[in-house]
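Working notes, beginning with the structure itself.
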Amino acid sequence: MKPLKHPLHRLYSLVPAAILFAVILLLAGCGSSHHKRIVRIGHNQSTNHPTHIALTAFKDYINEHLGDRYMVEVYPSELLGSQTDMVQLTQTGAIDYCIASNAILETFSKNYEIFNLPYLFASTRSYHHAMDDPAVTAPIFTATQKAGFTAVTWLDAGTRNFYTVNKPILSPADLKGLKIRVQQSPTNIEMMRLLGGSATPMGFGDVYTALQSNIIDGAENNEMALTDNGHGDVCKYYSYDMHQMVPDILIGNNAFIESLSEEERAVFEKGYQLVNQIQREEWVKAVSSAREKAAAQQKVEFLYPDQAPFVEACTPLHQSVLSSNPAIRPIYDAIQEYNSQYPTISE
Ligand code: GCU
């Protein structure tokens with residue numbers, strides 16, 4: 001994927017993340033600020049992306065309010081490895097925070113499965129209200145305490161839709177026989193199975209090359225993947241089946257968070273809110289310009305299939321996830337209430 005094709009990208013993929021991180025520390029010269037604790041945050045998006053813009057605001061905020069003690073550094077574009085690598089680095093405390101898609105977090109706690117369910121939210125407003133409600137998010141965000149990290153806020157990653165190199169997807173039947181990249185999550189793999197396509201799980205950074213070399217026939221993501229990651233240079237059909245709204249999650253190392261004094265923690269918590277607020281404002285602008293650019297420059301055709309057969313195919317997944325983890329039932333029910341309040345998908 002284009003912006004991730006840093007000249008060292010091939011090298012990065014060969015070097016285990018922990019070693020890579022040690023090298024980065026040496027290159028960055030950790031001795032440069034003896035009296036300050038360096039706070040490292042990793043993510044996998046480009047520096048144009050709303051996620052990076054929001055984390056840069058976080059960095060400035062912390063540096064402005066606690067700059068005598070902390071120095072925040074943001075590492076974009078998988079510089080610290082794939083999202084899975086970064087979650088592991090955050091678990092061990094090798095870095096302090098990272099952004100992970102909710103999809104990959106379900107392998108760290110089953111509770112995260114809920115936000116990976118296709119057609120869980122009836123509309124964007126329902127999604128936003130539910131994600132802003134601590135009664136919905138707290139049982140999920142704190143579920144990884146034992147794994148060494150906690151979620152501190154969520155970021156919008158829009159709706160996920162199928163896009164393909166040369167076959168328009170207008171119904172689940174069109175997915176038959178196609179290899180579609182999905183995120184590395186059992187729920188996503190099962191979703192693809194139910195829809196009839198062939199799930200090919202891989203890390204985000206490998207998708208562009210896999211599309212270009214015909215290893216896969218398509219993928220599924222928000223509109224930013226077309227432009228910011230160059231997938232629209234290869235894929236010419238983008239179908240709004242709107243199968244998922246999978247949030248991104250800012251996670252922090254527990255030991256680091258617990259080491260903060262009460263006063264510092266209050267500043268960091270304001271910082272997390274800032275990340276959420278700025279990212280969401282930037283997201284709306286970024287998606288609208290991604291759509292314009294994909295249509296005008298990359299000649300991507302946007303399609304609007306009937307969603308009903310997609311919804312119907314995916315529905316059994318709700319029941320199977322709920323029966324295998326009954327503890328998430330109250331959260332599921334709370335989301336259904338938001339769905340009745342904000343029922344229209346286009347909202
Ligand atoms: C989105 C999301 C990322 C995720 C990616 C993916 O871009 O914001 O966090 O890694 O999808 O499909 O893997």
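Ordering of the structure tokens sets the chain letters (A, B, ...); residue numbers start at 1 within each chain; ligands are numbered from 1 in the order shown.
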Tell me which protein, DNA and RNA residues are within 12 Å of stretch 36-40 of chain A, counting only C-alpha atoms, leaving out same-chain ones fewer than 3 positions away, and put them as an mmCIF file with all heavy atoms, in the first residue's frame.
```
data_model
loop_
_atom_site.group_PDB
_atom_site.id
_atom_site.type_symbol
_atom_site.label_atom_id
_atom_site.label_comp_id
_atom_site.auth_asym_id
_atom_site.auth_seq_id
_atom_site.Cartn_x
_atom_site.Cartn_y
_atom_site.Cartn_z
ATOM 1 N N PHE A 21 12.399 -2.205 16.954
ATOM 2 C CA PHE A 21 12.157 -1.143 17.917
ATOM 3 C C PHE A 21 13.441 -0.745 18.629
ATOM 4 O O PHE A 21 13.739 0.431 18.807
ATOM 5 C CB PHE A 21 11.087 -1.587 18.920
ATOM 6 C CG PHE A 21 10.745 -0.498 19.896
ATOM 7 C CD1 PHE A 21 10.166 0.682 19.462
ATOM 8 C CD2 PHE A 21 11.046 -0.645 21.233
ATOM 9 C CE1 PHE A 21 9.872 1.687 20.339
ATOM 10 C CE2 PHE A 21 10.750 0.374 22.123
ATOM 11 C CZ PHE A 21 10.167 1.527 21.682
ATOM 12 N N ILE A 24 15.346 1.396 16.396
ATOM 13 C CA ILE A 24 14.768 2.744 16.310
ATOM 14 C C ILE A 24 15.174 3.568 17.532
ATOM 15 O O ILE A 24 15.525 4.735 17.429
ATOM 16 C CB ILE A 24 13.238 2.663 16.171
ATOM 17 C CG1 ILE A 24 12.897 2.198 14.764
ATOM 18 C CG2 ILE A 24 12.582 4.010 16.429
ATOM 19 C CD1 ILE A 24 11.475 1.792 14.577
ATOM 20 N N LEU A 25 15.157 2.919 18.687
ATOM 21 C CA LEU A 25 15.528 3.647 19.906
ATOM 22 C C LEU A 25 16.956 4.165 19.801
ATOM 23 O O LEU A 25 17.254 5.305 20.138
ATOM 24 C CB LEU A 25 15.430 2.737 21.130
ATOM 25 C CG LEU A 25 14.034 2.361 21.580
ATOM 26 C CD1 LEU A 25 14.109 1.696 22.947
ATOM 27 C CD2 LEU A 25 13.131 3.578 21.657
ATOM 28 N N ALA A 28 17.078 6.975 17.280
ATOM 29 C CA ALA A 28 16.434 8.202 17.777
ATOM 30 C C ALA A 28 17.263 8.849 18.871
ATOM 31 O O ALA A 28 17.030 9.997 19.234
ATOM 32 C CB ALA A 28 15.048 7.877 18.309
ATOM 33 N N GLY A 29 18.225 8.124 19.391
ATOM 34 C CA GLY A 29 19.062 8.678 20.440
ATOM 35 C C GLY A 29 18.265 8.942 21.692
ATOM 36 O O GLY A 29 17.883 10.065 21.987
ATOM 37 N N CYS A 30 17.953 7.859 22.457
ATOM 38 C CA CYS A 30 17.081 8.068 23.630
ATOM 39 C C CYS A 30 17.782 8.897 24.680
ATOM 40 O O CYS A 30 17.141 9.407 25.578
ATOM 41 C CB CYS A 30 16.608 6.745 24.239
ATOM 42 S SG CYS A 30 17.308 5.305 23.559
ATOM 43 N N GLY A 31 19.081 9.064 24.546
ATOM 44 C CA GLY A 31 19.767 9.850 25.559
ATOM 45 C C GLY A 31 19.513 11.334 25.432
ATOM 46 O O GLY A 31 19.885 12.105 26.308
ATOM 47 N N SER A 32 18.826 11.765 24.367
ATOM 48 C CA SER A 32 18.715 13.195 24.102
ATOM 49 C C SER A 32 17.933 13.956 25.179
ATOM 50 O O SER A 32 18.114 15.135 25.336
ATOM 51 C CB SER A 32 18.087 13.430 22.738
ATOM 52 O OG SER A 32 16.806 12.877 22.734
ATOM 53 N N SER A 33 17.017 13.298 25.898
ATOM 54 C CA SER A 33 16.286 14.077 26.907
ATOM 55 C C SER A 33 16.335 13.324 28.227
ATOM 56 O O SER A 33 15.431 12.585 28.571
ATOM 57 C CB SER A 33 14.860 14.319 26.460
ATOM 58 O OG SER A 33 14.272 13.109 26.113
ATOM 59 N N HIS A 43 1.246 3.902 15.113
ATOM 60 C CA HIS A 43 0.024 3.598 14.352
ATOM 61 C C HIS A 43 0.403 3.243 12.924
ATOM 62 O O HIS A 43 1.573 3.366 12.539
ATOM 63 C CB HIS A 43 -0.977 4.764 14.426
ATOM 64 C CG HIS A 43 -0.572 5.995 13.695
ATOM 65 N ND1 HIS A 43 -0.850 6.196 12.366
ATOM 66 C CD2 HIS A 43 0.104 7.108 14.107
ATOM 67 C CE1 HIS A 43 -0.371 7.382 12.000
ATOM 68 N NE2 HIS A 43 0.220 7.956 13.035
ATOM 69 N N LEU A 55 -3.367 12.371 16.764
ATOM 70 C CA LEU A 55 -2.282 12.005 17.690
ATOM 71 C C LEU A 55 -1.237 13.112 17.786
ATOM 72 O O LEU A 55 -0.604 13.299 18.827
ATOM 73 C CB LEU A 55 -1.620 10.689 17.258
ATOM 74 C CG LEU A 55 -2.483 9.435 17.466
ATOM 75 C CD1 LEU A 55 -1.787 8.199 16.900
ATOM 76 C CD2 LEU A 55 -2.813 9.211 18.947
ATOM 77 N N THR A 56 -1.094 13.873 16.717
ATOM 78 C CA THR A 56 -0.171 15.006 16.768
ATOM 79 C C THR A 56 -0.717 16.075 17.718
ATOM 80 O O THR A 56 0.035 16.691 18.485
ATOM 81 C CB THR A 56 0.048 15.582 15.344
ATOM 82 O OG1 THR A 56 0.518 14.514 14.528
ATOM 83 C CG2 THR A 56 1.042 16.711 15.320
ATOM 84 N N PHE A 58 -2.572 15.399 20.286
ATOM 85 C CA PHE A 58 -2.351 14.801 21.615
ATOM 86 C C PHE A 58 -0.918 15.095 22.070
ATOM 87 O O PHE A 58 -0.675 15.542 23.192
ATOM 88 C CB PHE A 58 -2.589 13.288 21.523
ATOM 89 C CG PHE A 58 -2.321 12.530 22.794
ATOM 90 C CD1 PHE A 58 -3.251 12.530 23.827
ATOM 91 C CD2 PHE A 58 -1.146 11.797 22.959
ATOM 92 C CE1 PHE A 58 -3.019 11.804 25.004
ATOM 93 C CE2 PHE A 58 -0.911 11.078 24.130
ATOM 94 C CZ PHE A 58 -1.848 11.088 25.148
ATOM 95 N N LYS A 59 -0.003 14.846 21.158
ATOM 96 C CA LYS A 59 1.421 15.097 21.453
ATOM 97 C C LYS A 59 1.621 16.549 21.875
ATOM 98 O O LYS A 59 2.241 16.837 22.908
ATOM 99 C CB LYS A 59 2.229 14.765 20.184
ATOM 100 C CG LYS A 59 3.631 15.261 20.172
ATOM 101 C CD LYS A 59 4.278 14.888 18.865
ATOM 102 C CE LYS A 59 5.133 16.053 18.409
ATOM 103 N NZ LYS A 59 5.923 15.736 17.248
ATOM 104 N N ILE A 62 0.033 17.235 25.397
ATOM 105 C CA ILE A 62 0.807 16.693 26.535
ATOM 106 C C ILE A 62 2.114 17.477 26.674
ATOM 107 O O ILE A 62 2.508 17.859 27.784
ATOM 108 C CB ILE A 62 1.097 15.177 26.356
ATOM 109 C CG1 ILE A 62 -0.210 14.390 26.234
ATOM 110 C CG2 ILE A 62 1.986 14.642 27.492
ATOM 111 C CD1 ILE A 62 -1.104 14.384 27.451
ATOM 112 N N ASN A 63 2.751 17.739 25.543
ATOM 113 C CA ASN A 63 4.022 18.458 25.622
ATOM 114 C C ASN A 63 3.824 19.872 26.181
ATOM 115 O O ASN A 63 4.658 20.393 26.901
ATOM 116 C CB ASN A 63 4.725 18.476 24.255
ATOM 117 C CG ASN A 63 5.215 17.075 23.854
ATOM 118 O OD1 ASN A 63 5.169 16.140 24.659
ATOM 119 N ND2 ASN A 63 5.675 16.924 22.622
ATOM 120 N N LEU A 66 2.607 19.040 30.141
ATOM 121 C CA LEU A 66 3.494 18.259 31.019
ATOM 122 C C LEU A 66 4.883 18.145 30.397
ATOM 123 O O LEU A 66 5.609 17.183 30.637
ATOM 124 C CB LEU A 66 2.918 16.842 31.227
ATOM 125 C CG LEU A 66 1.563 16.726 31.931
ATOM 126 C CD1 LEU A 66 1.029 15.300 31.846
ATOM 127 C CD2 LEU A 66 1.684 17.139 33.403
ATOM 128 N N GLY A 67 5.202 19.130 29.587
ATOM 129 C CA GLY A 67 6.437 19.085 28.797
ATOM 130 C C GLY A 67 7.716 19.038 29.619
ATOM 131 O O GLY A 67 8.773 18.656 29.119
ATOM 132 N N ASP A 68 7.623 19.422 30.891
ATOM 133 C CA ASP A 68 8.827 19.344 31.727
ATOM 134 C C ASP A 68 9.135 17.902 32.119
ATOM 135 O O ASP A 68 10.252 17.579 32.477
ATOM 136 C CB ASP A 68 8.634 20.203 32.997
ATOM 137 C CG ASP A 68 7.355 19.859 33.747
ATOM 138 O OD1 ASP A 68 6.393 19.366 33.092
ATOM 139 O OD2 ASP A 68 7.309 20.052 34.974
ATOM 140 N N ARG A 69 8.101 17.029 32.013
ATOM 141 C CA ARG A 69 8.293 15.636 32.455
ATOM 142 C C ARG A 69 8.187 14.605 31.342
ATOM 143 O O ARG A 69 8.768 13.536 31.405
ATOM 144 C CB ARG A 69 7.236 15.282 33.516
ATOM 145 C CG ARG A 69 7.541 15.849 34.864
ATOM 146 C CD ARG A 69 6.315 15.858 35.742
ATOM 147 N NE ARG A 69 5.575 17.099 35.627
ATOM 148 C CZ ARG A 69 4.398 17.328 36.190
ATOM 149 N NH1 ARG A 69 3.794 16.389 36.874
ATOM 150 N NH2 ARG A 69 3.806 18.498 36.060
ATOM 151 N N TYR A 70 7.378 14.915 30.329
ATOM 152 C CA TYR A 70 7.113 13.920 29.281
ATOM 153 C C TYR A 70 7.381 14.509 27.903
ATOM 154 O O TYR A 70 7.182 15.706 27.684
ATOM 155 C CB TYR A 70 5.646 13.456 29.333
ATOM 156 C CG TYR A 70 5.322 12.733 30.623
ATOM 157 C CD1 TYR A 70 4.782 13.425 31.705
ATOM 158 C CD2 TYR A 70 5.598 11.376 30.767
ATOM 159 C CE1 TYR A 70 4.512 12.774 32.899
ATOM 160 C CE2 TYR A 70 5.333 10.722 31.951
ATOM 161 C CZ TYR A 70 4.793 11.423 33.011
ATOM 162 O OH TYR A 70 4.543 10.771 34.184
ATOM 163 N N MET A 71 7.787 13.625 27.002
ATOM 164 C CA MET A 71 7.930 14.043 25.611
ATOM 165 C C MET A 71 7.262 12.972 24.751
ATOM 166 O O MET A 71 7.727 11.820 24.725
ATOM 167 C CB MET A 71 9.396 14.160 25.255
ATOM 168 C CG MET A 71 9.604 14.804 23.913
ATOM 169 S SD MET A 71 11.313 15.364 23.771
ATOM 170 C CE MET A 71 11.982 14.001 22.911
ATOM 171 N N VAL A 72 6.163 13.347 24.085
ATOM 172 C CA VAL A 72 5.418 12.365 23.287
ATOM 173 C C VAL A 72 6.021 12.296 21.891
ATOM 174 O O VAL A 72 6.339 13.320 21.276
ATOM 175 C CB VAL A 72 3.923 12.753 23.207
ATOM 176 C CG1 VAL A 72 3.161 11.788 22.310
ATOM 177 C CG2 VAL A 72 3.304 12.802 24.601
ATOM 178 N N GLU A 73 6.169 11.069 21.390
ATOM 179 C CA GLU A 73 6.640 10.864 20.013
ATOM 180 C C GLU A 73 5.642 9.962 19.297
ATOM 181 O O GLU A 73 5.259 8.925 19.837
ATOM 182 C CB GLU A 73 8.023 10.197 20.021
ATOM 183 C CG GLU A 73 9.101 11.127 20.554
ATOM 184 C CD GLU A 73 10.472 10.463 20.651
ATOM 185 O OE1 GLU A 73 10.567 9.239 20.467
ATOM 186 O OE2 GLU A 73 11.431 11.206 20.928
ATOM 187 N N VAL A 74 5.246 10.370 18.087
ATOM 188 C CA VAL A 74 4.265 9.590 17.324
ATOM 189 C C VAL A 74 4.971 8.933 16.140
ATOM 190 O O VAL A 74 5.643 9.607 15.361
ATOM 191 C CB VAL A 74 3.110 10.501 16.822
ATOM 192 C CG1 VAL A 74 2.082 9.675 16.047
ATOM 193 C CG2 VAL A 74 2.429 11.220 17.991
ATOM 194 N N TYR A 75 4.829 7.620 16.016
ATOM 195 C CA TYR A 75 5.455 6.853 14.927
ATOM 196 C C TYR A 75 4.368 6.361 13.973
ATOM 197 O O TYR A 75 3.626 5.441 14.311
ATOM 198 C CB TYR A 75 6.219 5.650 15.488
ATOM 199 C CG TYR A 75 7.415 6.036 16.331
ATOM 200 C CD1 TYR A 75 7.274 6.301 17.692
ATOM 201 C CD2 TYR A 75 8.675 6.148 15.760
ATOM 202 C CE1 TYR A 75 8.370 6.671 18.460
ATOM 203 C CE2 TYR A 75 9.770 6.517 16.528
ATOM 204 C CZ TYR A 75 9.609 6.781 17.869
ATOM 205 O OH TYR A 75 10.691 7.136 18.628
ATOM 206 N N PRO A 76 4.234 6.970 12.770
ATOM 207 C CA PRO A 76 3.178 6.573 11.828
ATOM 208 C C PRO A 76 3.608 5.393 10.925
ATOM 209 O O PRO A 76 4.704 4.827 11.108
ATOM 210 C CB PRO A 76 3.011 7.835 10.981
ATOM 211 C CG PRO A 76 4.388 8.437 10.955
ATOM 212 C CD PRO A 76 5.042 8.088 12.272
ATOM 213 N N LEU A 79 5.909 2.134 11.162
ATOM 214 C CA LEU A 79 7.348 2.222 11.442
ATOM 215 C C LEU A 79 7.746 1.286 12.577
ATOM 216 O O LEU A 79 8.875 0.822 12.640
ATOM 217 C CB LEU A 79 7.721 3.662 11.822
ATOM 218 C CG LEU A 79 7.914 4.602 10.656
ATOM 219 C CD1 LEU A 79 8.057 6.044 11.133
ATOM 220 C CD2 LEU A 79 9.131 4.207 9.824
ATOM 221 N N LEU A 80 6.801 1.022 13.485
ATOM 222 C CA LEU A 80 7.107 0.121 14.604
ATOM 223 C C LEU A 80 6.569 -1.285 14.364
ATOM 224 O O LEU A 80 6.501 -2.083 15.291
ATOM 225 C CB LEU A 80 6.538 0.685 15.911
ATOM 226 C CG LEU A 80 7.035 2.076 16.319
ATOM 227 C CD1 LEU A 80 6.435 2.498 17.648
ATOM 228 C CD2 LEU A 80 8.560 2.114 16.402
ATOM 229 N N MET A 86 2.481 -3.950 17.120
ATOM 230 C CA MET A 86 2.413 -2.780 18.015
ATOM 231 C C MET A 86 1.598 -3.073 19.271
ATOM 232 O O MET A 86 1.913 -2.565 20.343
ATOM 233 C CB MET A 86 1.849 -1.562 17.269
ATOM 234 C CG MET A 86 2.846 -0.988 16.279
ATOM 235 S SD MET A 86 2.308 0.589 15.591
ATOM 236 C CE MET A 86 1.168 0.066 14.332
ATOM 237 N N LEU A 89 3.926 -4.826 21.494
ATOM 238 C CA LEU A 89 4.901 -3.889 22.087
ATOM 239 C C LEU A 89 4.249 -3.068 23.203
ATOM 240 O O LEU A 89 4.888 -2.751 24.209
ATOM 241 C CB LEU A 89 5.465 -2.950 21.007
ATOM 242 C CG LEU A 89 6.374 -3.576 19.936
ATOM 243 C CD1 LEU A 89 6.700 -2.576 18.838
ATOM 244 C CD2 LEU A 89 7.659 -4.110 20.551
ATOM 245 N N THR A 90 2.963 -2.756 23.023
ATOM 246 C CA THR A 90 2.241 -1.997 24.060
ATOM 247 C C THR A 90 1.978 -2.886 25.281
ATOM 248 O O THR A 90 2.062 -2.425 26.423
ATOM 249 C CB THR A 90 0.909 -1.444 23.495
ATOM 250 O OG1 THR A 90 1.194 -0.736 22.293
ATOM 251 C CG2 THR A 90 0.211 -0.511 24.472
ATOM 252 N N GLY A 93 5.126 -3.008 27.252
ATOM 253 C CA GLY A 93 5.625 -1.718 27.701
ATOM 254 C C GLY A 93 6.830 -1.243 26.890
ATOM 255 O O GLY A 93 7.443 -0.232 27.227
ATOM 256 N N ALA A 94 7.160 -1.948 25.794
ATOM 257 C CA ALA A 94 8.256 -1.481 24.929
ATOM 258 C C ALA A 94 7.865 -0.146 24.293
ATOM 259 O O ALA A 94 8.708 0.711 24.044
ATOM 260 C CB ALA A 94 8.561 -2.509 23.852
ATOM 261 N N ILE A 95 6.561 0.015 24.002
ATOM 262 C CA ILE A 95 6.027 1.345 23.659
ATOM 263 C C ILE A 95 4.850 1.592 24.610
ATOM 264 O O ILE A 95 4.398 0.663 25.289
ATOM 265 C CB ILE A 95 5.605 1.476 22.174
ATOM 266 C CG1 ILE A 95 4.457 0.526 21.806
ATOM 267 C CG2 ILE A 95 6.779 1.255 21.257
ATOM 268 C CD1 ILE A 95 3.911 0.742 20.383
ATOM 269 N N ASP A 96 4.327 2.818 24.626
ATOM 270 C CA ASP A 96 3.322 3.146 25.638
ATOM 271 C C ASP A 96 1.887 3.087 25.111
ATOM 272 O O ASP A 96 0.974 2.756 25.848
ATOM 273 C CB ASP A 96 3.624 4.538 26.207
ATOM 274 C CG ASP A 96 5.053 4.580 26.734
ATOM 275 O OD1 ASP A 96 5.313 3.919 27.742
ATOM 276 O OD2 ASP A 96 5.915 5.217 26.090
ATOM 277 N N TYR A 97 1.719 3.452 23.835
ATOM 278 C CA TYR A 97 0.370 3.449 23.252
ATOM 279 C C TYR A 97 0.453 3.015 21.795
ATOM 280 O O TYR A 97 1.489 3.194 21.129
ATOM 281 C CB TYR A 97 -0.236 4.865 23.236
ATOM 282 C CG TYR A 97 -0.502 5.468 24.594
ATOM 283 C CD1 TYR A 97 0.481 6.232 25.232
ATOM 284 C CD2 TYR A 97 -1.735 5.305 25.222
ATOM 285 C CE1 TYR A 97 0.236 6.803 26.478
ATOM 286 C CE2 TYR A 97 -1.981 5.880 26.463
ATOM 287 C CZ TYR A 97 -1.001 6.627 27.084
ATOM 288 O OH TYR A 97 -1.244 7.179 28.313
ATOM 289 N N CYS A 98 -0.649 2.522 21.279
ATOM 290 C CA CYS A 98 -0.761 2.361 19.827
ATOM 291 C C CYS A 98 -2.232 2.380 19.448
ATOM 292 O O CYS A 98 -3.108 2.253 20.306
ATOM 293 C CB CYS A 98 -0.095 1.081 19.347
ATOM 294 S SG CYS A 98 -1.005 -0.420 19.694
ATOM 295 N N ILE A 99 -2.466 2.555 18.150
ATOM 296 C CA ILE A 99 -3.833 2.457 17.637
ATOM 297 C C ILE A 99 -3.976 1.082 17.012
ATOM 298 O O ILE A 99 -3.182 0.698 16.152
ATOM 299 C CB ILE A 99 -4.099 3.505 16.534
ATOM 300 C CG1 ILE A 99 -3.816 4.928 17.009
ATOM 301 C CG2 ILE A 99 -5.523 3.351 15.991
ATOM 302 C CD1 ILE A 99 -4.868 5.599 17.811
ATOM 303 N N ILE A 251 -4.977 2.187 22.566
ATOM 304 C CA ILE A 251 -4.708 1.395 23.773
ATOM 305 C C ILE A 251 -3.415 1.880 24.430
ATOM 306 O O ILE A 251 -2.507 2.358 23.753
ATOM 307 C CB ILE A 251 -4.619 -0.129 23.476
ATOM 308 C CG1 ILE A 251 -3.456 -0.462 22.523
ATOM 309 C CG2 ILE A 251 -5.928 -0.666 22.922
ATOM 310 C CD1 ILE A 251 -3.102 -1.946 22.501
ATOM 311 N N GLY A 252 -3.370 1.754 25.761
ATOM 312 C CA GLY A 252 -2.187 2.197 26.503
ATOM 313 C C GLY A 252 -1.679 1.095 27.413
ATOM 314 O O GLY A 252 -2.470 0.268 27.907
ATOM 315 N N ASN A 253 -0.376 1.087 27.642
ATOM 316 C CA ASN A 253 0.234 0.100 28.544
ATOM 317 C C ASN A 253 -0.217 0.387 29.989
ATOM 318 O O ASN A 253 -0.103 1.522 30.463
ATOM 319 C CB ASN A 253 1.763 0.203 28.407
ATOM 320 C CG ASN A 253 2.475 -0.632 29.443
ATOM 321 O OD1 ASN A 253 2.869 -0.134 30.498
ATOM 322 N ND2 ASN A 253 2.648 -1.902 29.146
ATOM 323 N N PHE A 256 2.371 1.901 32.454
ATOM 324 C CA PHE A 256 2.634 3.326 32.225
ATOM 325 C C PHE A 256 1.478 4.171 32.756
ATOM 326 O O PHE A 256 1.692 5.148 33.485
ATOM 327 C CB PHE A 256 2.861 3.632 30.732
ATOM 328 C CG PHE A 256 2.967 5.107 30.493
ATOM 329 C CD1 PHE A 256 4.081 5.809 30.939
ATOM 330 C CD2 PHE A 256 1.936 5.822 29.892
ATOM 331 C CE1 PHE A 256 4.169 7.193 30.789
ATOM 332 C CE2 PHE A 256 2.014 7.200 29.732
ATOM 333 C CZ PHE A 256 3.136 7.886 30.182
ATOM 334 N N ILE A 257 0.259 3.775 32.440
ATOM 335 C CA ILE A 257 -0.905 4.573 32.875
ATOM 336 C C ILE A 257 -0.939 4.640 34.402
ATOM 337 O O ILE A 257 -1.174 5.698 34.993
ATOM 338 C CB ILE A 257 -2.212 3.981 32.299
ATOM 339 C CG1 ILE A 257 -2.205 4.111 30.771
ATOM 340 C CG2 ILE A 257 -3.441 4.682 32.892
ATOM 341 C CD1 ILE A 257 -3.359 3.421 30.068
ATOM 342 N N SER A 259 1.528 4.478 36.370
ATOM 343 C CA SER A 259 2.659 5.237 36.921
ATOM 344 C C SER A 259 2.380 6.748 36.959
ATOM 345 O O SER A 259 3.104 7.509 37.587
ATOM 346 C CB SER A 259 3.919 4.984 36.080
ATOM 347 O OG SER A 259 3.835 5.727 34.869
ATOM 348 N N LEU A 260 1.303 7.180 36.284
ATOM 349 C CA LEU A 260 1.011 8.619 36.232
ATOM 350 C C LEU A 260 0.423 9.078 37.568
ATOM 351 O O LEU A 260 -0.366 8.342 38.184
ATOM 352 C CB LEU A 260 -0.014 8.910 35.124
ATOM 353 C CG LEU A 260 0.415 8.597 33.683
ATOM 354 C CD1 LEU A 260 -0.783 8.703 32.737
ATOM 355 C CD2 LEU A 260 1.524 9.547 33.236
ATOM 356 N N PHE A 268 -3.629 13.481 30.800
ATOM 357 C CA PHE A 268 -3.647 12.451 29.751
ATOM 358 C C PHE A 268 -5.093 12.138 29.346
ATOM 359 O O PHE A 268 -5.388 11.962 28.160
ATOM 360 C CB PHE A 268 -2.923 11.173 30.220
ATOM 361 C CG PHE A 268 -1.453 11.200 29.913
ATOM 362 C CD1 PHE A 268 -0.578 11.965 30.672
ATOM 363 C CD2 PHE A 268 -0.926 10.476 28.852
ATOM 364 C CE1 PHE A 268 0.783 12.016 30.382
ATOM 365 C CE2 PHE A 268 0.433 10.520 28.546
ATOM 366 C CZ PHE A 268 1.291 11.288 29.316
#
```
List every residue of chain A that has an atom at most 7 Å from any atom of ligand 1, and for each one report the closest atom pair and its distance in Å to one decimal, counting only C-alpha atoms and all ligand atoms, with rows sorted by chain and then by increasing residue number, as JSON lines.
```
{"residue": "A:Asn44", "atom": "CA", "partner": "ligand 1", "partner_atom_place_in_ligand_line": "10 (O)", "distance": 6.6}
{"residue": "A:Gln83", "atom": "CA", "partner": "ligand 1", "partner_atom_place_in_ligand_line": "10 (O)", "distance": 6.6}
{"residue": "A:Ile99", "atom": "CA", "partner": "ligand 1", "partner_atom_place_in_ligand_line": "9 (O)", "distance": 6.8}
{"residue": "A:Ala100", "atom": "CA", "partner": "ligand 1", "partner_atom_place_in_ligand_line": "9 (O)", "distance": 5.5}
{"residue": "A:Ser101", "atom": "CA", "partner": "ligand 1", "partner_atom_place_in_ligand_line": "9 (O)", "distance": 4.0}
{"residue": "A:Ala157", "atom": "CA", "partner": "ligand 1", "partner_atom_place_in_ligand_line": "8 (O)", "distance": 4.9}
{"residue": "A:Val182", "atom": "CA", "partner": "ligand 1", "partner_atom_place_in_ligand_line": "12 (O)", "distance": 6.9}
{"residue": "A:Gln183", "atom": "CA", "partner": "ligand 1", "partner_atom_place_in_ligand_line": "13 (O)", "distance": 5.3}
{"residue": "A:Gly203", "atom": "CA", "partner": "ligand 1", "partner_atom_place_in_ligand_line": "13 (O)", "distance": 6.0}
{"residue": "A:Phe204", "atom": "CA", "partner": "ligand 1", "partner_atom_place_in_ligand_line": "13 (O)", "distance": 4.2}
{"residue": "A:Asn221", "atom": "CA", "partner": "ligand 1", "partner_atom_place_in_ligand_line": "12 (O)", "distance": 5.7}
{"residue": "A:Asn222", "atom": "CA", "partner": "ligand 1", "partner_atom_place_in_ligand_line": "1 (C)", "distance": 6.7}
{"residue": "A:Ala225", "atom": "CA", "partner": "ligand 1", "partner_atom_place_in_ligand_line": "7 (O)", "distance": 6.2}
{"residue": "A:Asp248", "atom": "CA", "partner": "ligand 1", "partner_atom_place_in_ligand_line": "9 (O)", "distance": 5.3}
```
Query raised in the report: Restricting the calculation to only C-alpha atoms, which member of A:Arg193, A:Lys293, A:Lys236, A:Lys299 is positioned closest to A:Pro316?
Result: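 Selected residue with least distance to A:Pro316: A:Arg193.
The shortest atom-to-atom distance to A:Ile249, with only C-alpha atoms taken into account, belongs to A:Leu155 out of A:Leu155, A:Leu178, A:Met224, A:Leu170.
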Query raised in the report: In terms of the shortest atom-to-atom distance over only C-alpha atoms, which of A:Asp133, A:Glu337, A:Glu312, A:Glu281 is closest to A:Leu194?
Result: A:Glu312
Report task. Taking the chain letters and numbering used in this document, name the residues of stretch 21-184 of chain A that DSSP puts in strand (DSSP E), as an MDAnalysis selection string. Result -> chainID A and resid 37:42 70:75 97:101 149:155 160:164 179:182
Requested in this report: Write out as a PyMOL selection string which residues come within 8 Å of A:Leu175 when counting only C-alpha atoms, dropping same-chain ones fewer than 3 positions away.
Outcome: chain A and resi 169+171-172+178+195-198
Requested in this report: Quick one: everything within 10 Å of A:Asn48, counting only C-alpha atoms, minus sequence neighbours fewer than 2 positions away in the same chain. Send it as a list in words.
Outcome: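 The filter keeps Pro3, Gln45, Ser46, Pro50, Thr51, His52, Ile53, Pro76, Asp228 and Ala286 of chain A.
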Generate the output file for the selected residues, C-alpha atoms, as a short mmCIF file (atom, residue, chain, number, x, y, z; two decimals), in the first residue's frame.
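Saved to selection17.cif:
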```cif
data_model
loop_
_atom_site.label_atom_id
_atom_site.label_comp_id
_atom_site.auth_asym_id
_atom_site.auth_seq_id
_atom_site.Cartn_x
_atom_site.Cartn_y
_atom_site.Cartn_z
CA PRO A 3 2.27 5.39 1.72
CA GLN A 45 -1.69 5.24 8.89
CA SER A 46 0.05 7.91 6.84
CA PRO A 50 -7.06 11.88 10.64
CA THR A 51 -5.50 9.42 13.10
CA HIS A 52 -2.09 11.00 12.72
CA ILE A 53 -3.51 14.53 12.88
CA PRO A 76 3.18 6.57 11.83
CA ASP A 228 -4.46 7.23 1.24
CA ALA A 286 -11.09 13.16 4.94
#
```
